[in-house]
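Peer 1: Just model.txt, nothing more (compact mmCIF, C-alpha atoms (C1' of nucleotides)):
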```txt
# COMPACT_ATOMS: atom_id res chain seq x y z
CA MET A 1 72.59 16.47 39.00
CA PRO A 2 70.26 14.16 37.26
CA GLU A 3 70.75 12.45 33.98
CA LEU A 4 68.66 9.52 32.87
CA PRO A 5 70.03 7.03 35.44
CA GLU A 6 69.37 9.44 38.32
CA VAL A 7 65.86 10.21 37.09
CA GLU A 8 65.15 6.50 36.68
CA THR A 9 66.61 5.77 40.13
CA THR A 10 64.32 8.44 41.56
CA ARG A 11 61.30 7.04 39.71
CA LEU A 12 61.91 3.51 40.93
CA GLY A 13 62.51 4.77 44.45
CA ILE A 14 59.28 6.72 44.86
CA LEU A 15 57.04 4.46 42.78
CA PRO A 16 56.14 1.87 45.44
CA HIS A 17 55.35 4.56 48.03
CA VAL A 18 52.89 6.65 46.06
CA THR A 19 51.25 4.86 43.15
CA THR A 20 47.56 3.98 43.51
CA LYS A 21 47.34 6.51 46.33
CA ARG A 22 45.22 9.65 46.23
CA PHE A 23 46.62 13.18 46.33
CA LYS A 24 45.15 14.86 49.37
CA HIS A 25 46.73 18.25 49.21
CA ILE A 26 49.66 20.04 47.63
CA GLU A 27 51.71 22.67 49.33
CA ILE A 28 53.68 24.98 47.07
CA ARG A 29 56.18 27.15 48.94
CA GLN A 30 58.02 28.37 45.87
CA HIS A 31 56.23 28.85 42.53
CA GLN A 32 59.25 30.25 40.75
CA LEU A 33 61.01 27.32 39.09
CA ARG A 34 62.22 27.06 35.46
CA TRP A 35 58.68 28.12 34.64
CA PRO A 36 56.08 29.18 37.21
CA VAL A 37 54.33 26.25 38.86
CA PRO A 38 50.66 26.50 37.77
CA ALA A 39 48.64 28.12 40.57
CA GLU A 40 45.77 25.74 39.87
CA LEU A 41 47.93 22.62 40.34
CA PRO A 42 46.66 21.86 43.89
CA ASP A 43 43.05 22.02 42.71
CA LEU A 44 43.74 19.87 39.66
CA LEU A 45 45.55 17.19 41.66
CA SER A 46 43.67 16.96 44.92
CA ASN A 47 41.51 13.85 45.17
CA ALA A 48 43.01 12.45 41.95
CA THR A 49 44.54 8.98 42.13
CA LEU A 50 48.16 8.59 41.00
CA HIS A 51 47.90 5.64 38.63
CA GLU A 52 51.54 5.41 37.57
CA ILE A 53 54.78 7.32 37.18
CA THR A 54 56.44 7.00 33.81
CA ARG A 55 59.53 8.62 32.34
CA ARG A 56 60.25 10.27 29.00
CA GLY A 57 63.89 11.30 28.74
CA LYS A 58 64.53 13.17 31.99
CA TYR A 59 60.88 14.09 32.48
CA LEU A 60 58.78 12.24 35.04
CA LEU A 61 55.10 11.88 34.17
CA PHE A 62 52.67 11.52 37.04
CA ASN A 63 49.57 10.06 35.47
CA THR A 64 46.18 10.58 37.11
CA GLU A 65 42.62 10.33 35.81
CA ALA A 66 42.48 14.14 35.80
CA GLY A 67 45.61 14.66 33.72
CA THR A 68 49.39 14.41 33.86
CA MET A 69 51.86 16.33 35.97
CA LEU A 70 55.22 16.78 34.24
CA LEU A 71 58.20 17.07 36.56
CA HIS A 72 61.79 17.78 35.60
CA LEU A 73 64.59 17.74 38.18
CA GLY A 74 66.75 20.28 36.34
CA MET A 75 70.33 20.47 37.60
CA SER A 76 69.80 20.14 41.32
CA GLY A 77 66.29 18.78 41.90
CA ASN A 78 65.38 15.71 43.91
CA LEU A 79 62.29 13.93 45.14
CA ARG A 80 62.07 12.27 48.52
CA ILE A 81 59.55 10.25 50.40
CA THR A 82 58.97 11.69 53.85
CA GLN A 83 56.36 12.35 56.55
CA ALA A 84 54.20 15.38 57.15
CA ASP A 85 55.94 16.23 60.41
CA CYS A 86 59.44 16.12 58.88
CA THR A 87 61.31 19.45 59.11
CA VAL A 88 61.03 21.57 55.98
CA GLY A 89 64.44 22.40 54.53
CA LYS A 90 65.59 25.50 52.73
CA HIS A 91 64.86 24.43 49.15
CA ASP A 92 61.91 22.13 49.82
CA HIS A 93 59.64 23.86 47.31
CA ILE A 94 56.66 21.52 46.98
CA ASP A 95 55.01 18.85 49.16
CA PHE A 96 52.61 16.36 47.59
CA VAL A 97 50.62 14.91 50.47
CA PHE A 98 48.77 11.63 49.90
CA ASP A 99 45.67 10.34 51.63
CA ASP A 100 47.62 7.95 53.86
CA GLY A 101 49.95 10.70 55.10
CA THR A 102 52.87 9.90 52.79
CA VAL A 103 54.61 13.04 51.59
CA LEU A 104 56.49 13.33 48.31
CA ARG A 105 58.81 16.30 48.65
CA PHE A 106 60.39 18.23 45.77
CA ASN A 107 63.63 20.00 46.63
CA ASP A 108 65.59 22.04 44.10
CA GLN A 109 68.38 24.34 45.18
CA ARG A 110 68.99 25.99 41.81
CA ARG A 111 65.34 26.02 40.68
CA PHE A 112 66.12 24.87 37.14
CA GLY A 113 63.54 22.14 37.63
CA ALA A 114 59.96 22.31 36.39
CA VAL A 115 56.51 21.20 37.51
CA LEU A 116 53.81 21.55 34.87
CA TRP A 117 50.37 20.20 34.05
CA THR A 118 49.00 18.74 30.84
CA THR A 119 46.06 16.68 29.65
CA ALA A 120 47.83 15.75 26.41
CA PRO A 121 51.40 14.67 27.22
CA ASP A 122 52.03 13.17 23.77
CA THR A 123 51.66 16.53 22.08
CA HIS A 124 53.08 18.69 24.86
CA PRO A 125 55.72 21.03 23.36
CA LEU A 126 58.39 19.84 25.81
CA LEU A 127 57.89 16.19 24.91
CA ALA A 128 56.67 16.13 21.32
CA GLU A 129 60.05 16.77 19.67
CA LEU A 130 62.14 14.47 21.84
CA GLY A 131 64.29 11.79 20.22
CA PRO A 132 64.12 8.08 21.06
CA GLU A 133 64.87 6.57 24.46
CA PRO A 134 68.52 5.46 24.48
CA LEU A 135 67.66 2.02 25.87
CA SER A 136 64.91 1.33 23.34
CA ALA A 137 65.07 -0.47 20.00
CA ASP A 138 64.33 2.83 18.24
CA PHE A 139 67.85 3.99 19.08
CA ASN A 140 69.62 1.93 16.43
CA VAL A 141 72.34 2.30 13.80
CA THR A 142 70.00 3.09 10.93
CA TYR A 143 68.45 5.91 12.93
CA LEU A 144 71.61 7.38 14.42
CA TYR A 145 73.69 7.26 11.24
CA LYS A 146 70.94 9.14 9.43
CA ARG A 147 70.50 11.71 12.20
CA LEU A 148 74.23 12.49 12.43
CA ASN A 149 74.64 12.70 8.68
CA ASN A 150 75.86 16.16 7.58
CA ARG A 151 76.00 17.48 11.14
CA GLN A 152 79.10 19.56 11.82
CA VAL A 153 78.57 19.88 15.59
CA PRO A 154 81.01 18.11 17.89
CA LEU A 155 79.98 14.50 18.45
CA LYS A 156 79.57 15.11 22.17
CA SER A 157 77.12 17.97 21.58
CA ALA A 158 75.15 15.74 19.20
CA ILE A 159 74.62 12.90 21.67
CA MET A 160 73.60 15.43 24.33
CA ASP A 161 70.97 16.85 21.97
CA ALA A 162 67.59 15.59 23.21
CA LYS A 163 66.17 15.81 19.70
CA ILE A 164 68.66 13.15 18.63
CA VAL A 165 68.50 10.96 21.74
CA VAL A 166 67.13 11.74 25.20
CA GLY A 167 68.70 11.23 28.60
CA VAL A 168 72.42 11.56 27.83
CA GLY A 169 73.82 14.38 29.95
CA ASN A 170 77.33 15.67 30.46
CA ILE A 171 78.70 12.90 32.66
CA TYR A 172 77.48 9.96 30.62
CA ALA A 173 78.26 11.63 27.28
CA ASN A 174 81.91 11.87 28.39
CA GLU A 175 81.93 8.30 29.69
CA ALA A 176 80.17 6.78 26.67
CA LEU A 177 82.55 8.46 24.22
CA PHE A 178 85.52 7.19 26.17
CA HIS A 179 84.23 3.63 26.12
CA ALA A 180 83.48 3.94 22.41
CA GLY A 181 87.01 5.24 21.72
CA LEU A 182 85.56 8.29 19.95
CA ASN A 183 86.89 11.83 20.23
CA PRO A 184 84.22 14.19 21.63
CA ASN A 185 85.34 16.98 19.28
CA ARG A 186 84.95 15.04 16.08
CA ALA A 187 82.29 16.36 13.70
CA ALA A 188 79.21 14.21 14.32
CA GLY A 189 78.64 13.64 10.61
CA THR A 190 81.99 11.88 10.10
CA LEU A 191 81.04 8.71 11.97
CA SER A 192 80.84 5.46 10.01
CA GLU A 193 77.94 3.08 10.53
CA GLN A 194 80.28 0.80 12.45
CA GLU A 195 81.27 3.68 14.75
CA CYS A 196 77.59 4.53 15.29
CA LEU A 197 77.02 0.94 16.36
CA VAL A 198 79.87 1.07 18.87
CA LEU A 199 78.64 4.41 20.17
CA ILE A 200 75.10 3.09 20.72
CA ASP A 201 76.49 0.08 22.57
CA SER A 202 78.62 2.31 24.77
CA ILE A 203 75.81 4.72 25.61
CA GLN A 204 73.53 1.82 26.52
CA SER A 205 76.02 -0.03 28.67
CA VAL A 206 77.09 3.10 30.55
CA LEU A 207 73.48 4.04 31.27
CA ARG A 208 72.50 0.49 32.28
CA GLN A 209 75.45 0.20 34.61
CA ALA A 210 74.74 3.59 36.19
CA ILE A 211 71.08 2.70 36.80
CA GLN A 212 72.21 -0.53 38.41
CA GLN A 213 74.49 1.41 40.76
CA GLY A 214 71.84 3.94 41.73
CA GLY A 215 73.19 6.79 39.61
CA THR A 216 76.13 9.14 40.14
CA THR A 217 76.50 11.33 43.22
CA LEU A 218 79.09 14.09 42.78
CA ARG A 219 77.92 16.51 45.41
CA ASP A 220 74.22 16.34 46.03
CA PHE A 221 72.31 13.61 44.24
CA LEU A 222 70.21 11.60 46.68
CA ASN A 223 67.61 8.99 45.85
CA ALA A 224 64.10 8.83 47.27
CA GLN A 225 65.44 7.40 50.52
CA GLY A 226 68.06 10.11 50.82
CA LYS A 227 70.92 7.78 49.83
CA PRO A 228 73.65 8.63 47.28
CA GLY A 229 74.44 6.68 44.09
CA TYR A 230 77.68 4.79 43.54
CA PHE A 231 78.45 5.13 39.84
CA GLN A 232 80.99 7.90 40.47
CA GLN A 233 83.38 5.11 41.49
CA SER A 234 83.11 3.77 37.95
CA LEU A 235 83.82 7.02 36.12
CA SER A 236 86.73 6.60 33.70
CA VAL A 237 87.31 10.16 32.53
CA TYR A 238 84.70 12.55 33.94
CA GLY A 239 86.30 14.97 36.39
CA ARG A 240 89.66 13.21 36.07
CA GLN A 241 91.72 15.80 34.20
CA GLY A 242 95.45 15.15 34.46
CA LEU A 243 94.93 11.69 35.94
CA ALA A 244 95.97 8.55 34.10
CA CYS A 245 93.66 7.07 31.47
CA PRO A 246 92.53 3.72 32.91
CA VAL A 247 93.47 2.02 29.63
CA CYS A 248 96.74 3.58 28.45
CA SER A 249 97.81 5.84 31.36
CA GLU A 250 97.97 8.95 29.18
CA PRO A 251 96.78 11.97 31.21
CA VAL A 252 93.08 12.69 30.74
CA ARG A 253 92.54 15.96 28.87
CA HIS A 254 90.04 18.64 29.92
CA VAL A 255 88.46 20.94 27.32
CA LYS A 256 85.24 22.91 26.82
CA ILE A 257 82.87 21.74 24.16
CA GLY A 258 79.67 23.73 23.69
CA GLN A 259 80.33 25.44 27.05
CA ARG A 260 80.36 22.09 28.86
CA ALA A 261 83.28 20.48 30.67
CA SER A 262 84.61 17.63 28.55
CA TYR A 263 87.14 14.95 29.37
CA TYR A 264 88.83 12.46 27.09
CA CYS A 265 91.95 10.43 26.51
CA PRO A 266 93.87 11.90 23.56
CA ARG A 267 95.43 8.51 22.81
CA CYS A 268 92.40 6.21 23.10
CA GLN A 269 89.78 8.46 21.53
CA SER A 270 90.05 9.38 17.84
C1' DC B 1 67.95 24.31 9.10
C1' DT B 2 72.42 24.75 11.87
C1' DA B 3 75.34 26.65 15.39
C1' DC B 4 76.33 29.36 19.22
C1' DG B 5 75.78 32.12 23.33
C1' DA B 6 72.82 33.77 26.95
C1' DA B 7 69.52 32.94 30.26
C1' DC B 8 67.14 30.81 34.35
C1' DC B 9 69.22 30.35 40.15
C1' DT B 10 72.01 29.09 44.21
C1' DG B 11 76.08 27.69 46.47
C1' DC B 12 80.72 26.30 46.65
C1' DC B 13 85.53 26.66 45.57
C1' DT B 14 89.59 29.30 44.00
C1' DG B 15 92.59 32.96 43.83
C1' DC B 16 93.75 37.70 44.57
C1' DT C 1 89.16 37.33 56.19
C1' DG C 2 86.63 39.19 52.22
C1' DC C 3 85.13 39.36 47.84
C1' DA C 4 84.91 38.83 42.81
C1' DG C 5 84.87 35.32 39.44
C1' DG C 6 84.25 30.83 37.74
C1' DC C 7 81.96 26.66 37.82
C1' DA C 8 78.19 22.91 38.43
C1' DG C 9 74.61 16.93 36.72
C1' DG C 10 69.85 20.80 32.14
C1' DT C 11 67.18 22.93 28.73
C1' DT C 12 65.02 26.69 26.13
C1' DC C 13 65.37 30.74 23.59
C1' DG C 14 67.14 34.37 20.68
C1' DT C 15 70.30 35.65 17.21
C1' DA C 16 73.44 35.07 13.32
```
Here is the file; what I need is its structure written in the form of structure tokens.
Peer 2:
Amino acid sequence: MPELPEVETTRLGILPHVTTKRFKHIEIRQHQLRWPVPAELPDLLSNATLHEITRRGKYLLFNTEAGTMLLHLGMSGNLRITQADCTVGKHDHIDFVFDDGTVLRFNDQRRFGAVLWTTAPDTHPLLAELGPEPLSADFNVTYLYKRLNNRQVPLKSAIMDAKIVVGVGNIYANEALFHAGLNPNRAAGTLSEQECLVLIDSIQSVLRQAIQQGGTTLRDFLNAQGKPGYFQQSLSVYGRQGLACPVCSEPVRHVKIGQRASYYCPRCQS
DNA sequence: CTACGAACCTGCCTGC
DNA sequence: TGCAGGCAGGTTCGTA
């Protein structure tokens, strides 16, 4: 489900309901996520004040004076604001209950998500090696051209590599490459500086637009209020195999790249 | 170091 | 109708 726009939509949605509040208690119904949820998490969090929620790539960082909870939504995770008396659903794995009764509920059907604890987020193994934020000034031509240099992997795999740039998942990688007019199968190292510039522009505008539209809902993404996103209406190639390219009407092609579904226009993307 | 496949888990859709 | 197989928005890990 969630790529950067969905994670950011979630962050912005829950932020006003929980920051500056105090964790009262934490109910863990399912410890078995991507990694086991630390058994001591309730003790660590209870009575701590949630100062802010930040984001690094697709990780949400819940910062308290006691330490930081790292939360990843995986493929199917979502966070919702609810009330203590609200019916618990099948995959509602964790409730974070605040002192005023507000409940932040983590639901994750496939359990690829993660909830971890750290007192040193900057050096945490999951975060330390991450590439720059795609919407930051650090993601620029000089950087990208250098990082792609000599790489033989398909361009699409490269932009989905979190060590190169964070937050670009399968949907937006397909969309960004289409808007950049670049073939997803091209060896990453063959891009010119000019093409890197166009690619950066495309990635940024696709992500910005998706955030603005509340993310993409294909089957199950819901924001903190339980509402879907609308960016799926703006998808040019993703999931549109055989349908006309919005620019030249050539049928959109569907191939596998690095085991991931990939879509592109054979005429527009070279 | 790079590249690739498998693994984690559930549910839905397709085709036999 | 039933069931096996494939597929899904992510990421780490092991192996060549």
Peer 1: Need the shell around C:DC3: protein/DNA/RNA residues with any atom at most 12 Å away, counting all atoms listed in the file. Skip same-chain ones fewer than 6 positions apart. Format as JSON, numbers by chain?
Peer 2: {"B": [14, 15, 16]}
Peer 1: Please report as a compact mmCIF listing (two decimals) with C-alpha atoms, keeping the file's coordinate frame which residues of chain A come no farther than 8 Å from chain C, using only C-alpha atoms (C1' of nucleotides).
Peer 2:
```txt
# COMPACT_ATOMS: atom_id res chain seq x y z
CA MET A 1 72.59 16.47 39.00
CA PRO A 2 70.26 14.16 37.26
CA GLU A 3 70.75 12.45 33.98
CA GLY A 74 66.75 20.28 36.34
CA MET A 75 70.33 20.47 37.60
CA SER A 76 69.80 20.14 41.32
CA PHE A 112 66.12 24.87 37.14
CA GLY A 169 73.82 14.38 29.95
CA ASN A 170 77.33 15.67 30.46
CA ILE A 171 78.70 12.90 32.66
```
Peer 1: Please identify every residue of chain A that has at least one atom no more than 9 Å from any atom of chain B, counting only C-alpha atoms (C1' of nucleotides), and report them as a ChimeraX atom specification.
Peer 2: /A:33-35,109-112,151-153,258-259
Peer 1: Output C-alpha atoms for every residue in the selection just made, as a PDB file, in the coordinates of the input.
Peer 2:
```pdb
ATOM      1  CA  LEU A  33      61.010  27.320  39.090  1.00  0.00           C
ATOM      2  CA  ARG A  34      62.220  27.060  35.460  1.00  0.00           C
ATOM      3  CA  TRP A  35      58.680  28.120  34.640  1.00  0.00           C
ATOM      4  CA  GLN A 109      68.380  24.340  45.180  1.00  0.00           C
ATOM      5  CA  ARG A 110      68.990  25.990  41.810  1.00  0.00           C
ATOM      6  CA  ARG A 111      65.340  26.020  40.680  1.00  0.00           C
ATOM      7  CA  PHE A 112      66.120  24.870  37.140  1.00  0.00           C
ATOM      8  CA  ARG A 151      76.000  17.480  11.140  1.00  0.00           C
ATOM      9  CA  GLN A 152      79.100  19.560  11.820  1.00  0.00           C
ATOM     10  CA  VAL A 153      78.570  19.880  15.590  1.00  0.00           C
ATOM     11  CA  GLY A 258      79.670  23.730  23.690  1.00  0.00           C
ATOM     12  CA  GLN A 259      80.330  25.440  27.050  1.00  0.00           C
TER      13      GLN A 259
END
```
Peer 1: Could you tell me, as number ranges by chain, which residues have any atom at most 7 Å from (79.0, 0.0, 26.3), counting all atoms listed in the file?
Peer 2: A: 176, 179, 201-206
Peer 1: Counting only C-alpha atoms (C1' of nucleotides), which residues sit no farther than 12 Å from the position (62.6, 9.8, 19.4) in the file's frame? I'd like them as an NGL selection string.
Peer 2: :A and (56-57 or 122 or 127-140 or 143-144 or 147 or 161-167)
Peer 1: Mind checking which residues fall within 7 Å of stretch 44-48 of chain A, counting all atoms listed in the file, ignoring those fewer than 3 positions away in the same chain, and posting them as an MDAnalysis selection string?
Peer 2: chainID A and resid 22:25 40:41 64:66
Peer 1: Just to confirm, what's the straight-line distance from atom CA of A:Asn149 to atom CA of A:Ile257 in Å (one decimal)?
Peer 2: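 Atom CA of A:Ile257 lies 19.7 Å from atom CA of A:Asn149.
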Peer 1: Tell me, as a CSV table (one decimal) with C-alpha atoms, keeping the file's coordinate frame, which residues lie within 12 Å of A:Asp85, counting only C-alpha atoms (C1' of nucleotides); anything in the same chain fewer than 5 positions away does not count.
Peer 2:
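Writing done, so here's result_6.csv:
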```csv
chain,number,residue,atom,x,y,z
A,95,ASP,CA,55.0,18.8,49.2
A,97,VAL,CA,50.6,14.9,50.5
A,101,GLY,CA,50.0,10.7,55.1
A,102,THR,CA,52.9,9.9,52.8
A,103,VAL,CA,54.6,13.0,51.6
```
